[in-house]
$ cat run_39.pdb   # PDB, C-alpha atoms (C1' of nucleotides)
ATOM      1  CA  MET A 700       0.000   0.000   0.000
ATOM      2  CA  ASP A 701       1.950   2.980   1.226
ATOM      3  CA  SER A 702       5.478   1.876   0.571
ATOM      4  CA  CYS A 703       8.127   4.078   2.043
ATOM      5  CA  THR A 704      10.810   5.109  -0.373
ATOM      6  CA  THR A 705      13.321   5.822   2.353
ATOM      7  CA  ARG A 706      15.773   3.553   4.082
ATOM      8  CA  VAL A 707      14.851   1.801   7.244
ATOM      9  CA  VAL A 708      17.190   0.866  10.049
ATOM     10  CA  ASP A 709      15.045  -1.066  12.484
ATOM     11  CA  ALA A 710      12.490  -2.735  10.229
ATOM     12  CA  ASP A 711      10.721  -4.595  13.036
ATOM     13  CA  ARG A 712      10.208  -1.491  15.170
ATOM     14  CA  VAL A 713       9.028   0.404  12.110
ATOM     15  CA  ALA A 714       6.509  -2.291  11.282
ATOM     16  CA  ALA A 715       5.313  -2.455  14.900
ATOM     17  CA  VAL A 716       4.886   1.287  15.177
ATOM     18  CA  ARG A 717       3.063   1.383  11.877
ATOM     19  CA  GLU A 718       0.724  -1.242  13.212
ATOM     20  CA  ARG A 719      -0.071   0.886  16.260
ATOM     21  CA  MET A 720      -0.357   4.130  14.307
ATOM     22  CA  PRO A 721      -3.923   5.490  14.445
ATOM     23  CA  LEU A 722      -5.874   6.052  11.267
ATOM     24  CA  ALA A 723      -4.956   9.158   9.294
ATOM     25  CA  GLU A 724      -8.506  10.389   9.738
ATOM     26  CA  ASP A 725      -8.340  10.078  13.509
ATOM     27  CA  LEU A 726      -4.955  11.777  13.604
ATOM     28  CA  ALA A 727      -6.322  14.627  11.514
ATOM     29  CA  ASP A 728      -9.270  15.042  13.895
ATOM     30  CA  THR A 729      -6.972  15.008  16.898
ATOM     31  CA  ALA A 730      -4.679  17.543  15.266
ATOM     32  CA  ASP A 731      -7.720  19.718  14.570
ATOM     33  CA  VAL A 732      -8.731  19.681  18.221
ATOM     34  CA  PHE A 733      -5.218  20.629  19.297
ATOM     35  CA  GLY A 734      -5.237  23.319  16.644
ATOM     36  CA  LEU A 735      -8.381  24.828  18.119
ATOM     37  CA  LEU A 736      -6.593  24.985  21.474
ATOM     38  CA  SER A 737      -3.459  26.524  19.992
ATOM     39  CA  ASP A 738      -4.649  30.128  20.024
ATOM     40  CA  PRO A 739      -4.339  32.174  23.239
ATOM     41  CA  ASN A 740      -7.610  33.999  22.666
ATOM     42  CA  ARG A 741      -9.562  30.819  22.029
ATOM     43  CA  LEU A 742      -7.864  29.330  25.064
ATOM     44  CA  ARG A 743      -9.024  32.309  27.113
ATOM     45  CA  LEU A 744     -12.568  31.858  25.852
ATOM     46  CA  LEU A 745     -12.591  28.201  26.851
ATOM     47  CA  VAL A 746     -11.017  28.870  30.237
ATOM     48  CA  ALA A 747     -13.664  31.512  30.853
ATOM     49  CA  LEU A 748     -16.343  28.938  30.061
ATOM     50  CA  LEU A 749     -14.957  26.325  32.456
ATOM     51  CA  ASP A 750     -17.116  27.720  35.254
ATOM     52  CA  GLY A 751     -20.317  28.111  33.277
ATOM     53  CA  GLU A 752     -21.973  29.941  30.444
ATOM     54  CA  LEU A 753     -21.293  33.551  29.491
ATOM     55  CA  CYS A 754     -22.664  35.882  26.850
ATOM     56  CA  VAL A 755     -20.571  37.132  23.956
ATOM     57  CA  CYS A 756     -19.901  40.614  25.256
ATOM     58  CA  ASP A 757     -18.781  39.271  28.643
ATOM     59  CA  LEU A 758     -16.569  36.756  26.891
ATOM     60  CA  ALA A 759     -15.095  39.542  24.800
ATOM     61  CA  ALA A 760     -14.488  41.590  27.952
ATOM     62  CA  VAL A 761     -12.918  38.714  29.862
ATOM     63  CA  THR A 762     -10.670  37.673  27.011
ATOM     64  CA  GLY A 763      -9.739  41.180  26.042
ATOM     65  CA  GLN A 764     -10.668  40.941  22.405
ATOM     66  CA  SER A 765     -13.233  42.685  20.241
ATOM     67  CA  GLU A 766     -16.732  41.266  20.160
ATOM     68  CA  SER A 767     -16.297  40.555  16.485
ATOM     69  CA  ALA A 768     -13.133  38.577  17.097
ATOM     70  CA  ALA A 769     -14.809  36.703  19.933
ATOM     71  CA  SER A 770     -17.786  35.932  17.737
ATOM     72  CA  HIS A 771     -15.527  34.601  14.987
ATOM     73  CA  ALA A 772     -13.658  32.427  17.452
ATOM     74  CA  LEU A 773     -16.883  31.163  19.020
ATOM     75  CA  ARG A 774     -18.252  30.360  15.593
ATOM     76  CA  LEU A 775     -15.216  28.212  14.911
ATOM     77  CA  LEU A 776     -15.463  26.444  18.254
ATOM     78  CA  ARG A 777     -19.178  25.958  17.717
ATOM     79  CA  ALA A 778     -18.611  24.466  14.261
ATOM     80  CA  HIS A 779     -16.452  21.840  15.928
ATOM     81  CA  ARG A 780     -19.013  21.186  18.673
ATOM     82  CA  ILE A 781     -16.632  22.349  21.376
ATOM     83  CA  VAL A 782     -18.979  25.054  22.589
ATOM     84  CA  ALA A 783     -22.728  25.435  22.222
ATOM     85  CA  ALA A 784     -24.908  28.528  22.266
ATOM     86  CA  ARG A 785     -28.171  29.261  24.045
ATOM     87  CA  ARG A 786     -30.171  32.197  22.750
ATOM     88  CA  ALA A 787     -31.976  34.407  25.249
ATOM     89  CA  GLY A 788     -33.524  37.346  23.475
ATOM     90  CA  ARG A 789     -30.776  39.107  21.646
ATOM     91  CA  MET A 790     -28.107  37.653  23.874
ATOM     92  CA  ALA A 791     -26.234  34.456  23.121
ATOM     93  CA  TYR A 792     -24.927  32.457  26.054
ATOM     94  CA  TYR A 793     -22.108  30.090  25.236
ATOM     95  CA  ARG A 794     -21.096  27.052  27.244
ATOM     96  CA  LEU A 795     -18.286  24.509  27.031
ATOM     97  CA  GLU A 796     -19.902  21.448  25.476
ATOM     98  CA  ASP A 797     -17.061  18.988  24.900
ATOM     99  CA  PRO A 798     -16.032  17.099  28.064
ATOM    100  CA  HIS A 799     -12.924  15.823  26.343
ATOM    101  CA  VAL A 800     -11.723  19.337  25.639
ATOM    102  CA  ARG A 801     -12.498  20.192  29.244
ATOM    103  CA  MET A 802     -10.191  17.375  30.344
ATOM    104  CA  LEU A 803      -7.453  18.548  28.002
ATOM    105  CA  LEU A 804      -7.795  22.080  29.341
ATOM    106  CA  ASP A 805      -7.703  20.960  32.966
ATOM    107  CA  LEU A 806      -4.649  18.823  32.314
ATOM    108  CA  ALA A 807      -2.831  21.508  30.368
ATOM    109  CA  LEU A 808      -3.546  24.284  32.846
ATOM    110  CA  ALA A 809      -2.671  22.123  35.826
ATOM    111  CA  HIS A 810       0.619  21.482  34.129
ATOM    112  CA  THR A 811       1.462  25.106  33.453
ATOM    113  CA  GLU A 812       0.638  26.012  37.037
ATOM    114  CA  HIS A 813       2.600  23.068  38.316
ATOM    115  CA  THR A 814       5.646  23.836  36.231
ATOM    116  CA  GLU A 815       5.814  27.439  37.326
ATOM    117  CA  ALA A 816       8.450  26.108  39.669
ATOM    118  CA  LEU A 817      10.573  25.621  36.585
ATOM    119  CA  HIS A 818      10.071  29.274  35.685
ATOM    120  CA  PRO A 819      10.853  30.872  39.015
ATOM    121  CA  GLU A 820      11.032  34.368  37.592
ATOM    122  CA  ARG A 821       7.313  34.830  38.036
ATOM    123  CA  ASP A 822       4.730  33.967  40.702
ATOM    124  CA  GLY A 823       1.126  32.735  40.549
ATOM    125  CA  ASN A 824      -2.056  34.403  39.384
ATOM    126  CA  ALA A 825      -2.876  38.072  39.587
TER     127      ALA A 825
ATOM    128  CA  MET B 655      -4.503  47.700  34.521
ATOM    129  CA  ASP B 656      -6.182  46.495  31.365
ATOM    130  CA  SER B 657      -9.550  48.166  31.322
ATOM    131  CA  CYS B 658     -12.103  46.664  29.033
ATOM    132  CA  THR B 659     -13.753  49.112  26.702
ATOM    133  CA  THR B 660     -16.718  46.875  25.966
ATOM    134  CA  ARG B 661     -19.978  46.513  27.776
ATOM    135  CA  VAL B 662     -20.374  43.950  30.500
ATOM    136  CA  VAL B 663     -23.565  42.168  31.450
ATOM    137  CA  ASP B 664     -22.607  40.092  34.466
ATOM    138  CA  ALA B 665     -19.905  42.186  36.103
ATOM    139  CA  ASP B 666     -19.401  39.824  39.038
ATOM    140  CA  ARG B 667     -18.904  36.766  36.870
ATOM    141  CA  VAL B 668     -16.570  38.707  34.631
ATOM    142  CA  ALA B 669     -14.503  39.815  37.609
ATOM    143  CA  ALA B 670     -14.433  36.276  39.025
ATOM    144  CA  VAL B 671     -13.366  34.720  35.744
ATOM    145  CA  ARG B 672     -10.711  37.375  35.298
ATOM    146  CA  GLU B 673      -9.400  36.498  38.717
ATOM    147  CA  ARG B 674      -9.082  32.847  37.750
ATOM    148  CA  MET B 675      -7.636  33.524  34.314
ATOM    149  CA  PRO B 676      -4.043  32.245  34.061
ATOM    150  CA  LEU B 677      -1.246  34.621  33.242
ATOM    151  CA  ALA B 678      -0.913  35.605  29.613
ATOM    152  CA  GLU B 679       2.538  34.066  29.582
ATOM    153  CA  ASP B 680       1.246  30.718  30.796
ATOM    154  CA  LEU B 681      -1.611  30.793  28.316
ATOM    155  CA  ALA B 682       0.823  31.507  25.521
ATOM    156  CA  ASP B 683       3.000  28.584  26.585
ATOM    157  CA  THR B 684      -0.010  26.291  26.731
ATOM    158  CA  ALA B 685      -1.188  27.459  23.334
ATOM    159  CA  ASP B 686       2.294  26.800  21.977
ATOM    160  CA  VAL B 687       2.232  23.222  23.222
ATOM    161  CA  PHE B 688      -1.166  22.650  21.660
ATOM    162  CA  GLY B 689       0.119  24.247  18.481
ATOM    163  CA  LEU B 690       2.967  21.770  18.339
ATOM    164  CA  LEU B 691       0.403  18.972  18.567
ATOM    165  CA  SER B 692      -1.821  20.489  15.893
ATOM    166  CA  ASP B 693       0.017  19.078  12.895
ATOM    167  CA  PRO B 694      -0.718  15.500  11.753
ATOM    168  CA  ASN B 695       2.884  14.804  10.821
ATOM    169  CA  ARG B 696       4.241  16.018  14.141
ATOM    170  CA  LEU B 697       1.505  14.020  15.837
ATOM    171  CA  ARG B 698       2.659  10.935  13.950
ATOM    172  CA  LEU B 699       6.239  11.540  15.017
ATOM    173  CA  LEU B 700       5.232  11.769  18.652
ATOM    174  CA  VAL B 701       2.961   8.735  18.487
ATOM    175  CA  ALA B 702       5.821   6.788  16.938
ATOM    176  CA  LEU B 703       8.018   7.813  19.865
ATOM    177  CA  LEU B 704       5.523   6.695  22.508
ATOM    178  CA  ASP B 705       7.073   3.224  22.545
ATOM    179  CA  GLY B 706      10.698   4.314  22.573
ATOM    180  CA  GLU B 707      13.406   6.018  20.619
ATOM    181  CA  LEU B 708      13.782   5.874  16.843
ATOM    182  CA  CYS B 709      16.281   7.293  14.387
ATOM    183  CA  VAL B 710      15.360  10.018  11.914
ATOM    184  CA  CYS B 711      15.108   7.825   8.834
ATOM    185  CA  ASP B 712      12.846   5.352  10.632
ATOM    186  CA  LEU B 713      10.719   8.221  11.888
ATOM    187  CA  ALA B 714      10.483   9.537   8.351
ATOM    188  CA  ALA B 715       9.491   6.097   7.105
ATOM    189  CA  VAL B 716       6.898   5.563   9.837
ATOM    190  CA  THR B 717       5.342   8.971   9.425
ATOM    191  CA  GLY B 718       5.435   8.928   5.638
ATOM    192  CA  GLN B 719       7.283  12.187   5.174
ATOM    193  CA  SER B 720      10.646  13.129   3.732
ATOM    194  CA  GLU B 721      13.655  12.944   5.996
ATOM    195  CA  SER B 722      14.131  16.675   5.581
ATOM    196  CA  ALA B 723      10.580  17.368   6.672
ATOM    197  CA  ALA B 724      10.976  15.008   9.612
ATOM    198  CA  SER B 725      14.212  16.688  10.593
ATOM    199  CA  HIS B 726      12.570  20.108  10.464
ATOM    200  CA  ALA B 727       9.692  18.901  12.603
ATOM    201  CA  LEU B 728      12.013  17.212  15.086
ATOM    202  CA  ARG B 729      14.082  20.348  15.323
ATOM    203  CA  LEU B 730      10.977  22.287  16.275
ATOM    204  CA  LEU B 731       9.921  19.705  18.850
ATOM    205  CA  ARG B 732      13.462  19.605  20.200
ATOM    206  CA  ALA B 733      13.571  23.382  20.542
ATOM    207  CA  HIS B 734      10.524  23.124  22.801
ATOM    208  CA  ARG B 735      12.060  20.288  24.874
ATOM    209  CA  ILE B 736       9.316  17.884  23.789
ATOM    210  CA  VAL B 737      11.744  15.427  22.262
ATOM    211  CA  ALA B 738      15.446  14.901  22.855
ATOM    212  CA  ALA B 739      18.115  13.443  20.614
ATOM    213  CA  ARG B 740      20.855  10.940  21.326
ATOM    214  CA  ARG B 741      23.699  10.795  18.831
ATOM    215  CA  ALA B 742      25.188   7.444  17.922
ATOM    216  CA  GLY B 743      27.728   7.834  15.195
ATOM    217  CA  ARG B 744      26.022   9.519  12.309
ATOM    218  CA  MET B 745      22.588   8.440  13.478
ATOM    219  CA  ALA B 746      20.347  10.533  15.719
ATOM    220  CA  TYR B 747      17.921   8.696  17.972
ATOM    221  CA  TYR B 748      15.001  10.759  19.179
ATOM    222  CA  ARG B 749      12.870  10.069  22.212
ATOM    223  CA  LEU B 750       9.780  11.641  23.729
ATOM    224  CA  GLU B 751      11.087  13.716  26.593
ATOM    225  CA  ASP B 752       8.045  15.605  27.941
ATOM    226  CA  PRO B 753       5.806  13.474  30.206
ATOM    227  CA  HIS B 754       3.096  16.096  30.061
ATOM    228  CA  VAL B 755       2.894  15.871  26.298
ATOM    229  CA  ARG B 756       2.807  12.098  26.649
ATOM    230  CA  MET B 757      -0.258  12.442  28.884
ATOM    231  CA  LEU B 758      -1.937  14.793  26.447
ATOM    232  CA  LEU B 759      -1.248  12.376  23.610
ATOM    233  CA  ASP B 760      -2.578   9.392  25.526
ATOM    234  CA  LEU B 761      -5.693  11.268  26.508
ATOM    235  CA  ALA B 762      -6.336  12.610  23.031
ATOM    236  CA  LEU B 763      -5.753   9.328  21.250
ATOM    237  CA  ALA B 764      -7.857   7.365  23.699
ATOM    238  CA  HIS B 765     -10.638   9.811  23.024
ATOM    239  CA  THR B 766     -10.509   9.671  19.236
ATOM    240  CA  GLU B 767     -10.450   5.892  19.253
ATOM    241  CA  HIS B 768     -13.529   5.746  21.433
ATOM    242  CA  THR B 769     -15.557   8.364  19.610
ATOM    243  CA  GLU B 770     -15.748   7.511  15.943
ATOM    244  CA  ALA B 771     -19.029   9.333  15.660
ATOM    245  CA  LEU B 772     -17.755  12.850  16.091
ATOM    246  CA  HIS B 773     -16.929  14.778  12.963
ATOM    247  CA  PRO B 774     -16.526  18.516  12.533
ATOM    248  CA  GLU B 775     -16.842  20.775   9.520
ATOM    249  CA  ARG B 776     -20.564  20.689  10.006
ATOM    250  CA  ASP B 777     -21.320  24.335  10.515
ATOM    251  CA  GLY B 778     -24.089  25.001  12.983
ATOM    252  CA  ASN B 779     -24.821  28.031  10.819
ATOM    253  CA  ALA B 780     -27.553  29.608  12.894
TER     254      ALA B 780
ATOM    255  C1'  DT C 895      42.660  10.312   2.311
ATOM    256  C1'  DG C 896      38.386  10.440  -0.225
ATOM    257  C1'  DT C 897      33.723   8.874  -0.758
ATOM    258  C1'  DA C 898      29.292   7.549   0.866
ATOM    259  C1'  DC C 899      25.974   8.255   4.235
ATOM    260  C1'  DA C 900      22.761  10.280   8.065
ATOM    261  C1'  DT C 901      21.198  14.283   9.582
ATOM    262  C1'  DA C 902      20.764  19.392   9.788
ATOM    263  C1'  DT C 903      19.655  23.756   7.960
ATOM    264  C1'  DG C 904      18.567  28.031   4.942
ATOM    265  C1'  DA C 905      15.783  29.985   1.640
ATOM    266  C1'  DA C 906      11.706  30.118  -1.150
ATOM    267  C1'  DT C 907       7.086  29.193  -1.947
ATOM    268  C1'  DA C 908       2.408  28.093  -1.262
ATOM    269  C1'  DC C 909      -0.901  27.701   2.067
ATOM    270  C1'  DC C 910      -3.441  28.759   6.109
ATOM    271  C1'  DT C 911      -5.056  31.706  10.091
ATOM    272  C1'  DC C 912      -6.166  35.667  12.750
ATOM    273  C1'  DT C 913      -7.725  40.227  13.091
ATOM    274  C1'  DT C 914     -10.204  44.124  11.593
ATOM    275  C1'  DC C 915     -13.694  46.767   9.188
ATOM    276  C1'  DA C 916     -18.014  47.267   7.361
ATOM    277  C1'  DC C 917     -22.286  45.739   7.329
ATOM    278  C1'  DA C 918     -26.156  42.315   8.131
ATOM    279  C1'  DT C 919     -29.516  40.177  11.165
ATOM    280  C1'  DA C 920     -32.617  40.058  14.694
ATOM    281  C1'  DA C 921     -34.584  41.223  19.163
ATOM    282  C1'  DC C 922     -36.096  44.764  22.248
ATOM    283  C1'  DC C 923     -38.108  49.279  23.426
ATOM    284  C1'  DA C 924     -39.949  54.050  22.929
TER     285       DA C 924
ATOM    286  C1'  DT D1378     -42.882  52.097  13.365
ATOM    287  C1'  DG D1379     -38.168  53.457  13.881
ATOM    288  C1'  DG D1380     -34.084  53.284  16.580
ATOM    289  C1'  DT D1381     -30.966  50.957  19.595
ATOM    290  C1'  DT D1382     -28.579  46.951  21.068
ATOM    291  C1'  DA D1383     -26.355  42.184  20.729
ATOM    292  C1'  DT D1384     -24.530  39.170  17.845
ATOM    293  C1'  DG D1385     -23.236  37.225  13.246
ATOM    294  C1'  DT D1386     -20.668  37.236   8.940
ATOM    295  C1'  DG D1387     -17.893  38.314   4.523
ATOM    296  C1'  DA D1388     -13.894  40.214   2.584
ATOM    297  C1'  DA D1389      -9.238  41.634   2.846
ATOM    298  C1'  DG D1390      -4.779  42.296   4.616
ATOM    299  C1'  DA D1391      -0.957  40.952   7.617
ATOM    300  C1'  DG D1392       1.499  37.502   9.578
ATOM    301  C1'  DG D1393       2.647  32.786  10.477
ATOM    302  C1'  DT D1394       3.613  27.894   9.023
ATOM    303  C1'  DA D1395       4.835  23.698   6.400
ATOM    304  C1'  DT D1396       6.962  21.607   2.648
ATOM    305  C1'  DT D1397      10.551  21.298  -0.753
ATOM    306  C1'  DC D1398      15.132  21.896  -2.857
ATOM    307  C1'  DA D1399      19.754  22.640  -2.384
ATOM    308  C1'  DT D1400      23.419  22.335   0.366
ATOM    309  C1'  DA D1401      26.080  22.025   4.743
ATOM    310  C1'  DT D1402      27.945  19.305   8.562
ATOM    311  C1'  DG D1403      29.982  15.565  10.452
ATOM    312  C1'  DT D1404      30.635  10.434  10.786
ATOM    313  C1'  DA D1405      32.208   5.993   8.982
ATOM    314  C1'  DC D1406      34.577   3.084   6.105
ATOM    315  C1'  DA D1407      37.408   1.548   2.236
TER     316       DA D1407
END

$ encode --input "run_39.pdb" --output "structure tokens"
Amino acid sequence: MDSCTTRVVDADRVAAVRERMPLAEDLADTADVFGLLSDPNRLRLLVALLDGELCVCDLAAVTGQSESAASHALRLLRAHRIVAARRAGRMAYYRLEDPHVRMLLDLALAHTEHTEALHPERDGNA
Amino acid sequence: MDSCTTRVVDADRVAAVRERMPLAEDLADTADVFGLLSDPNRLRLLVALLDGELCVCDLAAVTGQSESAASHALRLLRAHRIVAARRAGRMAYYRLEDPHVRMLLDLALAHTEHTEALHPERDGNA
DNA sequence: TGTACATATGAATACCTCTTCACATAACCA
DNA sequence: TGGTTATGTGAAGAGGTATTCATATGTACA
């Protein structure tokens, strides 16, 4: 099928790893999720939503971006089912919908807080 | 400090979330890590290294990319202390060095394998 | 010593992403 | 009804990123 044109040193290990390699489709989906978490402003939006729903203008205020930028980011997150919106009149309340992303966020943030010991030039939160 | 020029609906919630918001520096670091995991080829490299070290040409073969591309990707991962290299003659054996990234990978891959039903690109398009 | 080999790297290109601006949509209120 | 407010969206520009090609570096081996 997909023959590799390059040399191989440890053919057995290569074959074994290839066997365990997830499907390209699954890897692409996983990479997409990580990509959605790779922007500081989107990260701020999701962190803000960890405690519960917020409307767009509050999310914009908390994350320090324009409401248009926040709306664009929320649209992207919504398209990937990571957040969901509840309409109440002319307001839109967003919530974190994906429990898996919540786990990734918790793990990642716990790590950065935990490894602040490795960056002793700065102390904890504001 | 950083005053928000936009309206706010729930001022208390906004203040509380702001209090809990991690430092911009930490958020940027976290976003960087996620960004490094947001490319399918880099993801393949890291998955291949979950079981142990491999040389560059084997990594290129396993991940289906050119050795130059693999080397570029490994250089990036190495610069962020996610992988480390061991030289043996003219070969370079890379290993996964960051236990936190290993956890993120395990968590993410376990999730994608268990949820085949979830697929994005379907715009909610309100 | 010279040649072949494994890896590293710089530059160039094509692609993608984020932000902003302008405007659209839709709900609320006088 | 018209005006104001909250959010949504398209287009465009700036900036970032990934891949490739060519070449450099350094090791091994004849």

$ calpha_fit_and_write --input "run_39.pdb" --fixed "chain A" --moving "chain B" --output "mmCIF file with C-alpha atoms, keeping the file's coordinate frame"
data_model
loop_
_atom_site.group_PDB
_atom_site.id
_atom_site.type_symbol
_atom_site.label_atom_id
_atom_site.label_comp_id
_atom_site.auth_asym_id
_atom_site.auth_seq_id
_atom_site.Cartn_x
_atom_site.Cartn_y
_atom_site.Cartn_z
ATOM 1 C CA MET B 655 2.179 2.210 1.206
ATOM 2 C CA ASP B 656 4.201 5.111 2.520
ATOM 3 C CA SER B 657 7.786 3.989 2.356
ATOM 4 C CA CYS B 658 10.220 5.952 4.414
ATOM 5 C CA THR B 659 13.237 7.177 2.531
ATOM 6 C CA THR B 660 15.315 7.765 5.640
ATOM 7 C CA ARG B 661 17.541 5.423 7.537
ATOM 8 C CA VAL B 662 16.184 3.401 10.403
ATOM 9 C CA VAL B 663 18.114 2.237 13.433
ATOM 10 C CA ASP B 664 15.635 0.120 15.356
ATOM 11 C CA ALA B 665 13.470 -1.341 12.609
ATOM 12 C CA ASP B 666 11.320 -3.412 14.962
ATOM 13 C CA ARG B 667 10.468 -0.500 17.219
ATOM 14 C CA VAL B 668 9.742 1.650 14.206
ATOM 15 C CA ALA B 669 7.395 -0.973 12.798
ATOM 16 C CA ALA B 670 5.679 -1.417 16.173
ATOM 17 C CA VAL B 671 5.177 2.300 16.683
ATOM 18 C CA ARG B 672 3.875 2.654 13.151
ATOM 19 C CA GLU B 673 1.378 -0.062 13.905
ATOM 20 C CA ARG B 674 0.118 1.825 16.941
ATOM 21 C CA MET B 675 0.102 5.219 15.258
ATOM 22 C CA PRO B 676 -3.458 6.573 14.934
ATOM 23 C CA LEU B 677 -4.871 7.379 11.544
ATOM 24 C CA ALA B 678 -3.734 10.631 10.002
ATOM 25 C CA GLU B 679 -7.325 11.809 10.003
ATOM 26 C CA ASP B 680 -7.705 11.206 13.724
ATOM 27 C CA LEU B 681 -4.395 12.891 14.450
ATOM 28 C CA ALA B 682 -5.469 15.891 12.427
ATOM 29 C CA ASP B 683 -8.738 16.095 14.348
ATOM 30 C CA THR B 684 -6.904 15.856 17.652
ATOM 31 C CA ALA B 685 -4.431 18.508 16.585
ATOM 32 C CA ASP B 686 -7.345 20.726 15.587
ATOM 33 C CA VAL B 687 -8.906 20.424 19.026
ATOM 34 C CA PHE B 688 -5.617 21.283 20.686
ATOM 35 C CA GLY B 689 -5.248 24.171 18.272
ATOM 36 C CA LEU B 690 -8.596 25.551 19.347
ATOM 37 C CA LEU B 691 -7.358 25.459 22.941
ATOM 38 C CA SER B 692 -4.052 27.110 22.081
ATOM 39 C CA ASP B 693 -5.273 30.696 22.191
ATOM 40 C CA PRO B 694 -5.520 32.495 25.559
ATOM 41 C CA ASN B 695 -8.681 34.347 24.608
ATOM 42 C CA ARG B 696 -10.463 31.218 23.439
ATOM 43 C CA LEU B 697 -9.236 29.505 26.588
ATOM 44 C CA ARG B 698 -10.765 32.305 28.645
ATOM 45 C CA LEU B 699 -14.056 31.945 26.811
ATOM 46 C CA LEU B 700 -14.175 28.236 27.527
ATOM 47 C CA VAL B 701 -13.161 28.638 31.161
ATOM 48 C CA ALA B 702 -15.912 31.217 31.551
ATOM 49 C CA LEU B 703 -18.388 28.691 30.159
ATOM 50 C CA LEU B 704 -17.354 25.921 32.550
ATOM 51 C CA ASP B 705 -19.948 27.090 35.072
ATOM 52 C CA GLY B 706 -22.798 27.600 32.633
ATOM 53 C CA GLU B 707 -24.024 29.623 29.725
ATOM 54 C CA LEU B 708 -23.273 33.303 29.165
ATOM 55 C CA CYS B 709 -24.261 35.823 26.526
ATOM 56 C CA VAL B 710 -21.753 37.276 24.079
ATOM 57 C CA CYS B 711 -21.365 40.667 25.724
ATOM 58 C CA ASP B 712 -20.755 39.081 29.127
ATOM 59 C CA LEU B 713 -18.247 36.713 27.566
ATOM 60 C CA ALA B 714 -16.517 39.670 25.966
ATOM 61 C CA ALA B 715 -16.456 41.477 29.298
ATOM 62 C CA VAL B 716 -15.159 38.456 31.213
ATOM 63 C CA THR B 717 -12.470 37.655 28.697
ATOM 64 C CA GLY B 718 -11.429 41.257 28.158
ATOM 65 C CA GLN B 719 -11.799 41.298 24.401
ATOM 66 C CA SER B 720 -14.026 43.173 21.992
ATOM 67 C CA GLU B 721 -17.443 41.753 21.273
ATOM 68 C CA SER B 722 -16.446 41.326 17.648
ATOM 69 C CA ALA B 723 -13.379 39.336 18.604
ATOM 70 C CA ALA B 724 -15.434 37.236 20.999
ATOM 71 C CA SER B 725 -18.020 36.615 18.319
ATOM 72 C CA HIS B 726 -15.335 35.524 15.867
ATOM 73 C CA ALA B 727 -13.841 33.166 18.421
ATOM 74 C CA LEU B 728 -17.236 31.759 19.370
ATOM 75 C CA ARG B 729 -18.056 31.219 15.736
ATOM 76 C CA LEU B 730 -14.910 29.151 15.366
ATOM 77 C CA LEU B 731 -15.643 27.127 18.493
ATOM 78 C CA ARG B 732 -19.229 26.666 17.353
ATOM 79 C CA ALA B 733 -18.117 25.433 13.942
ATOM 80 C CA HIS B 734 -16.179 22.689 15.722
ATOM 81 C CA ARG B 735 -19.152 21.778 17.966
ATOM 82 C CA ILE B 736 -17.223 22.786 21.088
ATOM 83 C CA VAL B 737 -19.774 25.374 22.117
ATOM 84 C CA ALA B 738 -23.423 25.769 21.189
ATOM 85 C CA ALA B 739 -25.627 28.836 21.115
ATOM 86 C CA ARG B 740 -29.144 29.394 22.380
ATOM 87 C CA ARG B 741 -30.970 32.415 21.012
ATOM 88 C CA ALA B 742 -33.183 34.433 23.314
ATOM 89 C CA GLY B 743 -34.484 37.473 21.552
ATOM 90 C CA ARG B 744 -31.516 39.398 20.301
ATOM 91 C CA MET B 745 -29.192 37.799 22.824
ATOM 92 C CA ALA B 746 -27.148 34.669 22.152
ATOM 93 C CA TYR B 747 -26.309 32.460 25.110
ATOM 94 C CA TYR B 748 -23.361 30.162 24.590
ATOM 95 C CA ARG B 749 -22.620 26.999 26.503
ATOM 96 C CA LEU B 750 -19.785 24.492 26.540
ATOM 97 C CA GLU B 751 -21.087 21.568 24.547
ATOM 98 C CA ASP B 752 -18.134 19.152 24.253
ATOM 99 C CA PRO B 753 -17.566 17.046 27.404
ATOM 100 C CA HIS B 754 -14.205 15.931 26.101
ATOM 101 C CA VAL B 755 -12.972 19.490 25.848
ATOM 102 C CA ARG B 756 -14.311 20.074 29.346
ATOM 103 C CA MET B 757 -12.141 17.200 30.586
ATOM 104 C CA LEU B 758 -9.100 18.543 28.786
ATOM 105 C CA LEU B 759 -9.698 21.970 30.290
ATOM 106 C CA ASP B 760 -10.129 20.606 33.797
ATOM 107 C CA LEU B 761 -7.006 18.523 33.493
ATOM 108 C CA ALA B 762 -4.924 21.326 32.041
ATOM 109 C CA LEU B 763 -6.046 23.948 34.521
ATOM 110 C CA ALA B 764 -5.595 21.657 37.492
ATOM 111 C CA HIS B 765 -2.072 21.069 36.301
ATOM 112 C CA THR B 766 -1.097 24.705 35.835
ATOM 113 C CA GLU B 767 -2.466 25.638 39.232
ATOM 114 C CA HIS B 768 -0.438 22.933 40.912
ATOM 115 C CA THR B 769 2.821 23.553 39.099
ATOM 116 C CA GLU B 770 3.797 27.180 39.424
ATOM 117 C CA ALA B 771 7.429 26.266 39.055
ATOM 118 C CA LEU B 772 7.389 25.272 35.423
ATOM 119 C CA HIS B 773 8.266 27.928 32.901
ATOM 120 C CA PRO B 774 9.335 27.498 29.296
ATOM 121 C CA GLU B 775 11.306 29.709 26.950
ATOM 122 C CA ARG B 776 14.436 28.444 28.593
ATOM 123 C CA ASP B 777 16.221 26.894 25.672
ATOM 124 C CA GLY B 778 18.170 23.786 26.535
ATOM 125 C CA ASN B 779 20.523 24.913 23.779
ATOM 126 C CA ALA B 780 22.873 21.959 23.747
#

$ resolve_selection --input "run_39.pdb" --expression "the PyMOL selection byres ((chain C and resi 909) around 9)" --output "list in words"
DA908 and DC910 of chain C; DT1394 and DA1395 of chain D

$ atom_distance --input "run_39.pdb" --atom1 "CA of Ala682 (chain B)" --atom2 "CA of Gln764 (chain A)"
15.2 Å
